[in-house]
Amino acid sequence: MISESENLRRREANYRPLTPIHFLLRSADVFPDRVAVIDGARSFTWRQYADRCLRLASALRRRGIAKGDTVAVLAPNTSAMLEAHFGIPMAGAVICALNVRLDASTLAFILEHSEAKILLANRQFADLARQAVAMTKTSLEVIGIDDPEAPEGEIADWTEYESLLETGDAADSIVWPDDEWDSIALNYTSGTTGNPKGAVYHHRGTYLNSLGQLLTFGIGSAPVYLWTLPMFHCNGWCFAWAVAAAGGTHVCLRKAAADTIFDAISRHNVTHMCCAPTVLNFVVEGAETSGATLPRPVEVMTAGAAPPAAVLRATEALGFRIRHVYGMVEMHGVIASCDWHPEWDDLPAEERARIRARQGVRTVLCDDMKVLDAKTFIPVPADGRTMGEVMMRGSVTMKGYFKNPAATDEALAGGWYHSGDLAIVHPDGYIELRDRSKDIIISGGENISSIEIEDVLYSHPAVSCAAVIAIAHQRWGEVPCAFVELKPSYEGRVTADEIVEFCRGRMAKFKVPGTVKFGAIERTATGKVQKFKLRAAATAGLRSALFRKWR
């Protein structure tokens with residue numbers, strides 16, 4: 001029997017903390033002249049990309065960034081955002097990629113809560129950055145990214161990003177993690193239960209999930225990856241690091257639209273992309289209008305609201321090969337996949353699409369994922385009917401929520417991460433979501449809090465009671481639907497358009513209700529709104545009767 005002894009101890013030669021930083025350095029060594037990043041008219045080889053990341057790390061340290069500090073980034077899918085994913089960790093700091101679709105007040109909360117020392121802000125979002133910074137009570141330096149492809153914005157008196165890089169030296173030492181449990185990224189939820197919560201990622205989790213993504217997606221050497229997924233979503237589901245592990249090419253895309261997607265695929269010979277089902281719908285509609293076709297099959301990983309079977313069928317007919325996955329911020333992104341069985345290829349198209357819409361089974365990097373009774377932790381039967389809560393555990397689970405021990409303890413209680421998602425288990429072991437216990441609305445890949453919208457509605461002087469649910473939408477997957485009970489003195493005096501405009505001035509555009517229905521709202525004896533009745537009413541005809549443009 002082999003037992004632990006001094007002779008078998010960890011040494012520098014046989015143990016190093018896992019970190020995705022190694023992926024960058026390897027590709028720079030092995031593929032120095034291969035194109036790593038294509039960003040509009042600019043491109044960088046792996047040697048050049050690594051040099052820029054190293055200089056960013058050096059410049060940040062020379063500007064006072066220390067180990068464990070937070071550096072925030074407000075930018076679209078650009079080369080600077082990719083550089084931040086390596087440069088910030090190589091400075092020993094933690095990257096906080098900000099959702100560019102949030103309003104200034106929410107961004108201000110995140111900047112203050114995360115204790116960000118520096119904000120890298122793209123010129124396109126300069127005004128938004130100024131508004132957010134002005135709302136904070138902390139002082140932080142803003143570095144302006146003078147993006148030549150940005151449609152608007154002025155960085156004015158900010159230090160410019162390229163000038164910042166010039167102050168760094170690629171020969172400076174990298175700040176390696178002392179332990180693979182060290183923090184590498186801080187990703188905020190979309191505030192589904194009030195203020196956003198910051199999920200803290202560790203070097204170990206990002207390293208493992210990056211490699212896991214390559215396995216789940218079936219990615220070999222030298223992929224050409226199109227950035228149709230925002231990098232602020234779980235660091236692009238860890239593909240900001242995974243593409244480096246494969247020595248591939250990043251193709252930056254600022255806006256996911258059908259014409260730009262088809263153009264990029266054709267121009268750069270794209271092999272892989274990720275997106276919400278909403279984008280798949282854009283692609284299908286764009287192809288119908290323009291007649292665009294694919295020069296070769298493209299692998300697509302999609303997640304968010306369950307993709308409609310019709311969209312899956314139409315997308316596959318264009319030549320896209322779909323992999324439906326499931327995940328969340330707290331699990332470093334993707335945690336389950338609807339792994340495909342070859343025998344399913346012979347099924348009718350409608351049946352294939354129905355199976356593909358399931359969330360599936362745990363990925364190779366997820367130690368365990370089960371659908372459990374939320375109180376007893378007993379697995380529900382695999383009968384395709386009984387619902388339970390999806391729970392998982394393993395090395396790709398977040399460290400916890402930053403400065404929120406109560407929420408951390410609740411989320412990780414009983415040795416499991418509690419997703420809050422309700423699902424059934426089919427006889428073959430594949431799970432399928434049926435509801436969300438926290439009433440999260442997933443619209444175009446964005447999580448929207450019904451509580452947040454309700455709070456805004458309640459602030460309207462005419463509103464007595466408000467309840468928000470999700471209703472299905474062909475383009476966005478889901479959209480918020482607001483049920484409003486008016487005060488007696490306002491009945492007949494307030495229109496749905498007025499309510500929508502009231503919301504539009506108080507929240508991000510993607511959160512604004514697309515439908516408003518007036519009437520009495522049923523409540524229980526304790527005052528709780530019976531949302532299942534509202535969902536039934538919406539399904540019975542509200543969608544077709546009152547649907548309106550909401551973006």
# chains A, B, ... in the order shown; residues from 1 in each chain; ligands from 1
>>> residues_around(residues="Asp178 in chain A", least_positions_apart="5", cutoff="12 Å", atoms="only C-alpha atoms", output="list in words")
Tyr15, Arg16, Pro17, Leu18, Thr19, Lys67, Gly68, Gly92, Ser183, Ile184, His202, His203 and Arg204 of chain A
>>> write_last_selection(atoms="N, CA and C atoms", output="short mmCIF file (atom, residue, chain, number, x, y, z; two decimals), in the first residue's frame")
data_model
loop_
_atom_site.label_atom_id
_atom_site.label_comp_id
_atom_site.auth_asym_id
_atom_site.auth_seq_id
_atom_site.Cartn_x
_atom_site.Cartn_y
_atom_site.Cartn_z
N TYR A 15 3.84 19.94 -8.42
CA TYR A 15 2.57 20.55 -8.07
C TYR A 15 2.60 22.04 -8.35
N ARG A 16 1.61 22.49 -9.13
CA ARG A 16 1.40 23.92 -9.37
C ARG A 16 -0.08 24.19 -9.26
N PRO A 17 -0.48 25.28 -8.64
CA PRO A 17 -1.91 25.62 -8.59
C PRO A 17 -2.48 25.76 -10.00
N LEU A 18 -3.63 25.18 -10.22
CA LEU A 18 -4.28 25.27 -11.53
C LEU A 18 -4.71 26.72 -11.79
N THR A 19 -4.42 27.21 -12.98
CA THR A 19 -4.81 28.56 -13.37
C THR A 19 -4.86 28.65 -14.89
N LYS A 67 -2.51 42.37 -5.17
CA LYS A 67 -3.13 41.07 -5.20
C LYS A 67 -4.51 41.12 -4.51
N GLY A 68 -5.52 40.60 -5.20
CA GLY A 68 -6.86 40.57 -4.64
C GLY A 68 -7.71 41.79 -4.95
N GLY A 92 -2.45 39.65 -10.48
CA GLY A 92 -2.88 39.17 -9.17
C GLY A 92 -4.26 39.69 -8.79
N SER A 183 -9.02 33.97 -5.79
CA SER A 183 -10.08 34.52 -6.63
C SER A 183 -9.51 35.04 -7.95
N ILE A 184 -10.27 34.84 -9.02
CA ILE A 184 -9.85 35.32 -10.34
C ILE A 184 -10.90 36.21 -10.99
N HIS A 202 -12.82 31.04 -8.74
CA HIS A 202 -11.44 30.75 -8.36
C HIS A 202 -10.65 30.24 -9.57
N HIS A 203 -9.33 30.31 -9.46
CA HIS A 203 -8.48 29.87 -10.57
C HIS A 203 -8.74 28.41 -10.93
N ARG A 204 -8.96 27.57 -9.93
CA ARG A 204 -9.21 26.15 -10.18
C ARG A 204 -10.47 25.96 -11.02
#
>>> select_by_dssp(residues="range 138-383 of chain A", states="alpha helix (DSSP H)", output="PyMOL selection string")
chain A and resi 161-166+203-217+234-237+239-245+258-268+277-290+309-317+349-356
>>> closest_atom_pairs(of="range 425-515 of chain A", to="range 369-386 of chain A", cutoff="8 Å", atoms="only C-alpha atoms", output="JSON lines")
{"residue": "A:Val425", "atom": "CA", "partner": "A:Ala382", "partner_atom": "CA", "distance": 4.6}
{"residue": "A:His426", "atom": "CA", "partner": "A:Gly384", "partner_atom": "CA", "distance": 4.3}
{"residue": "A:Pro427", "atom": "CA", "partner": "A:Ala382", "partner_atom": "CA", "distance": 4.9}
{"residue": "A:Asp428", "atom": "CA", "partner": "A:Ala382", "partner_atom": "CA", "distance": 7.6}
{"residue": "A:Gly429", "atom": "CA", "partner": "A:Ala382", "partner_atom": "CA", "distance": 6.5}
{"residue": "A:Ile431", "atom": "CA", "partner": "A:Val371", "partner_atom": "CA", "distance": 7.8}
>>> closest_residue(among="A:Ile469, A:Met398, A:Thr167, A:Ala407", to="Arg535 in chain A", atoms="only C-alpha atoms")
A:Ile469
>>> residues_around(residues="Ala314 in chain A", least_positions_apart="6", cutoff="10 Å", atoms="only C-alpha atoms", output="PyMOL selection string")
chain A and resi 280-281+283-285+287-288+320+353
>>> write_last_selection(atoms="N, CA and C atoms", output="PDB file, in the first residue's frame")
ATOM      1  N   LEU A 280     -30.379  32.761 -32.064  1.00  0.00           N
ATOM      2  CA  LEU A 280     -30.732  31.768 -33.080  1.00  0.00           C
ATOM      3  C   LEU A 280     -31.938  32.253 -33.877  1.00  0.00           C
ATOM      4  N   ASN A 281     -32.879  32.865 -33.183  1.00  0.00           N
ATOM      5  CA  ASN A 281     -34.064  33.381 -33.864  1.00  0.00           C
ATOM      6  C   ASN A 281     -33.699  34.516 -34.816  1.00  0.00           C
ATOM      7  N   VAL A 283     -30.914  34.815 -36.372  1.00  0.00           N
ATOM      8  CA  VAL A 283     -30.239  34.189 -37.506  1.00  0.00           C
ATOM      9  C   VAL A 283     -31.253  33.588 -38.479  1.00  0.00           C
ATOM     10  N   VAL A 284     -32.242  32.886 -37.933  1.00  0.00           N
ATOM     11  CA  VAL A 284     -33.262  32.267 -38.776  1.00  0.00           C
ATOM     12  C   VAL A 284     -34.037  33.334 -39.548  1.00  0.00           C
ATOM     13  N   GLU A 285     -34.476  34.385 -38.850  1.00  0.00           N
ATOM     14  CA  GLU A 285     -35.232  35.446 -39.508  1.00  0.00           C
ATOM     15  C   GLU A 285     -34.380  36.170 -40.543  1.00  0.00           C
ATOM     16  N   ALA A 287     -31.863  34.938 -42.235  1.00  0.00           N
ATOM     17  CA  ALA A 287     -31.670  34.076 -43.398  1.00  0.00           C
ATOM     18  C   ALA A 287     -32.911  34.057 -44.286  1.00  0.00           C
ATOM     19  N   GLU A 288     -34.090  34.089 -43.658  1.00  0.00           N
ATOM     20  CA  GLU A 288     -35.330  34.104 -44.428  1.00  0.00           C
ATOM     21  C   GLU A 288     -35.449  35.382 -45.253  1.00  0.00           C
ATOM     22  N   PHE A 320     -26.450  24.873 -38.995  1.00  0.00           N
ATOM     23  CA  PHE A 320     -25.861  25.010 -37.654  1.00  0.00           C
ATOM     24  C   PHE A 320     -26.073  23.706 -36.889  1.00  0.00           C
ATOM     25  N   ALA A 353     -35.973  17.810 -32.079  1.00  0.00           N
ATOM     26  CA  ALA A 353     -35.957  19.152 -31.502  1.00  0.00           C
ATOM     27  C   ALA A 353     -36.496  19.132 -30.078  1.00  0.00           C
TER      28      ALA A 353
END
>>> residues_around(residues="range 239-249 of chain A", least_positions_apart="6", cutoff="10 Å", atoms="only C-alpha atoms", output="VMD selection string")
chain A and resid 19 to 28 30 to 32 34 to 38 43 to 46 81 to 86 206 to 214 219 to 227 229 231 268 270 to 271 273 to 274 333
>>> closest_residue(among="A:Lys487, A:Arg362, A:Arg323, A:Arg101", to="Ile448 in chain A", atoms="only C-alpha atoms")
A:Arg101
>>> residues_around(residues="Glu478 in chain A", least_positions_apart="3", cutoff="9 Å", atoms="only C-alpha atoms", output="PyMOL selection string")
chain A and resi 305+441-444+470-475
>>> closest_residue(among="A:Ala357, A:Ala537, A:Ile265, A:Val133", to="Thr106 in chain A", atoms="only C-alpha atoms")
A:Val133
>>> closest_residue(among="A:Ala108, A:Ala185, A:Ala132, A:Leu119", to="Met90 in chain A", atoms="only C-alpha atoms")
A:Ala185
>>> residues_around(residues="His418 in chain A", least_positions_apart="2", cutoff="7 Å", atoms="only C-alpha atoms", output="list of chain:residue names")
A:Val390, A:Met391, A:Ala411, A:Leu412, A:Trp416, A:Gly420
>>> write_last_selection(atoms="N, CA and C atoms", output="mmCIF file, in the first residue's frame")
data_model
loop_
_atom_site.group_PDB
_atom_site.id
_atom_site.type_symbol
_atom_site.label_atom_id
_atom_site.label_comp_id
_atom_site.auth_asym_id
_atom_site.auth_seq_id
_atom_site.Cartn_x
_atom_site.Cartn_y
_atom_site.Cartn_z
ATOM 1 N N VAL A 390 -33.255 21.577 -9.022
ATOM 2 C CA VAL A 390 -31.969 21.169 -9.580
ATOM 3 C C VAL A 390 -30.859 21.620 -8.630
ATOM 4 N N MET A 391 -30.031 20.667 -8.200
ATOM 5 C CA MET A 391 -28.906 20.977 -7.321
ATOM 6 C C MET A 391 -27.653 20.318 -7.873
ATOM 7 N N ALA A 411 -27.339 29.428 -0.414
ATOM 8 C CA ALA A 411 -27.137 28.836 -1.736
ATOM 9 C C ALA A 411 -26.400 27.507 -1.677
ATOM 10 N N LEU A 412 -25.517 27.336 -0.687
ATOM 11 C CA LEU A 412 -24.678 26.138 -0.602
ATOM 12 C C LEU A 412 -25.079 25.229 0.552
ATOM 13 N N TRP A 416 -24.885 21.196 -1.248
ATOM 14 C CA TRP A 416 -25.289 21.342 -2.648
ATOM 15 C C TRP A 416 -25.439 22.814 -2.991
ATOM 16 N N GLY A 420 -32.526 26.855 -7.553
ATOM 17 C CA GLY A 420 -33.817 27.517 -7.575
ATOM 18 C C GLY A 420 -34.642 27.132 -8.786
#
>>> residues_around(residues="Ile118 in chain A", least_positions_apart="6", cutoff="6 Å", atoms="only C-alpha atoms", output="list in words")
Val71, Leu140, Glu141 and Val142 of chain A
>>> atom_distance(atom1="CA of Ala171 in chain A", atom2="CA of Leu54 in chain A")
7.7 Å
